[in-house]
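Chemist: Supplied in structure tokens, the structure appears directly below.
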Amino acid sequence: MVTPVYVPFEKEPGHHYEYRPRYGKVYIYDRPSHWSRAKGQMVLDKATLLGAEVPGDPTKIELLGHRRKAALAAMNQESQTENDGQNSTICHAKIERNRAMAVLDNMFRASGVDGQTASALHCIDKDGMLNLAAKGQTLMRYMFLFETATAGRLDIFQREHSCPYPDVITESEVGQLYELVGNEPTCKMIFFQERYRNHKGELIIAFDSTTYSTYSSNLSIANKSYDAVNAKTHGIKLFQLYAIDTNEPIAWFLLPGSMTDCKALSYAVDELRAIGIDKLELVADSGFMSEENIALLESKSIGFVVRNPNHRSVVRKAFDAHLPELNYGSCLKQDPQVAGTKVALGNDRFLYLYKNLVQNHVEASNFNRQLYALTDSVSAEGWKRANTDEDLLPLIDKFLVVNEIAAPSKADAAHTSRREVSLNSEAVIEYCNKLSTFALISSKDTSPDEIYRIYFMREHIEDSYACLKGSIDDRFRVQSDPRLEGRTFFMFGTLCVRQYSQSCINIIKNELRRFIAVHKDENGYKGQAKAYQHLLSWLDNSSLGKIFDWLDGAQDLSVQTNAAKYYWSEPILKRDQLLLAFLGVDDFPEGYKELPNWEWLKH
């Protein structure tokens, strides 16, 4: 983006103005003149471009071309000269410690992952001689701040940060750590049990899967799978259990990529019992829906909320009977655009039907436009069914009525034969009424509002998969099954902390909004509300990764330019101090009061 440069300007009679539509600006030229004895008249000299007119301000002009470059060079030189004599005034911007690591230490401690990792690795390193707990905690911190494709960068990471394990962890040691953990399944089970310890009692778990790809051909769990980029990759299916009441990952399992979700459910239930989770409710999408799975959950006394596809006969019949009730019934408190109703199926099963009334109108309108366009195409002269796209033929057969009216005689066929095309109104209305509808089957006898809330809270599990593949690692890069299990162990621990950190940021933003709404007009709080608004705007426009990148790159500063001075100006420093205070690693500015509900903000 080009930075404009403005200078004072005074109009003179010799100035010439020319509007250039291509740039949308009025260019100003200086065109002096002199008396020519040879021509006996005034002659214009060569025009010199001064700049562009500034709309609304005739006292300034925007410099262009070489004049702008010269002005910027002079400003940079002046900035450098001023900075040489002002280092003493900006030394307070230098950070003595890495702020990102201070926040990470607090997040790992507050989330419990540090303690859970130490408990899990204690079964291998009972006397602590191998320092496995410190090494594992350091490795997770590295995975949090950096992509883990190149483990050799861990050496630089340890030199730049104060890690739980102070010595260098080489790439071979990382591989050995993976293998030690992968060869001891007890580590994973202890970690799961520690994660579940905070959820004593009934637990609502979302169960979903994602597929990872790997180039390794030595992994017995990896099956051949299609990859749009490289067909040589193999697939591994990662199943995750996610507590939707707290947005926390609880456990994971690795299965062959060829195993379907339906078949994996029974495996997951057995693993849950091994962990010690005996009271839970399972929430899953339609990929896990089958009569065998529902019967399995009922036999194990496990509550469930599962999406039931609309093509199933029981769902079709239920919608046929209850569509008028959905069209004119009461909407949900969770989402006023959605109407819902409950249908008892017997055998302690309940079907919950939903229809998004607003989205239904949008989809119905789009569908009708498609049909009208198709009607015009079929009505056109020269249309032939044999030349029509096969995907359109079912629509024509179901929703259009095509009548071919033959000519009374073969001689007049070219003039009198015609084709009449109209809509099958009953089929169109029936189809449009069922747009934007979906059904959930559950063992819970409760309100449609509650089932709707429970099911759509499971969507947070998709965020965790995006985090795993986008921020931690997008491909398994190991050459043995034990190392695969060990690497996943540390990736999962890192994911737990990232999810916890994101939850903390969301809490901070909600508290900031509440404080600003209450105190923005009070005389004693205007300055504090303004500072909180500054922090809130930054958090709203920054991802978790960008926030930690900013905190991670803020040590041993050397401020040389005006832009850098801005980034380390008083408002920015106060913004960072407020965030660090909310995250428990700094003090609030003097006169600022802590927001409520910060039990975990401890130094």
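In the structure tokens, chains take the letters A, B, ... in the order shown, each chain's residues start at 1, and ligands count up from 1 in the order shown.
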Among segment 229-451 of chain A, which ones does DSSP assign to strand (DSSP E or B) (computed from the backbone)? Answer as a PyMOL selection string.

Modeler: chain A and resi 234-243+248-256+280-284+303-308+331+338-346+349-356+400-405+418-423+437-442

Chemist: Considering only C-alpha atoms, state which residue in the set A:Ala110, A:Leu353, A:Ala102, A:Leu44 is at the smallest distance from Ser501 of chain A.

Modeler: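 The answer is A:Ala110, which sits nearest to Ser501 of chain A.
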
Chemist: Please provide as number ranges by chain all residues within 12 Å of Leu580 of chain A, with the sequence filter that same-chain residues fewer than 2 positions apart are discarded (counting only C-alpha atoms).

Modeler: A: 98-104, 106-107, 504-505, 508, 535, 547-548, 551, 573-578, 582-589, 601-603

Chemist: Find the distance between atom CA of Phe350 of chain A and atom CA of Asp245 of chain A and write it in Å to one decimal.

Modeler: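 Straight-line distance from atom CA of Phe350 of chain A to atom CA of Asp245 of chain A works out to 22.1 Å.
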
Chemist: Quick one: everything within 9 Å of Ser464 of chain A, counting only C-alpha atoms, minus sequence neighbours fewer than 4 positions away in the same chain. Send it as a list in words.

Modeler: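 Once the nearby chain positions are removed, what remains is Pro249, His460, Leu468, Lys469, Leu495, Cys496, Arg498 and Gln499 of chain A.
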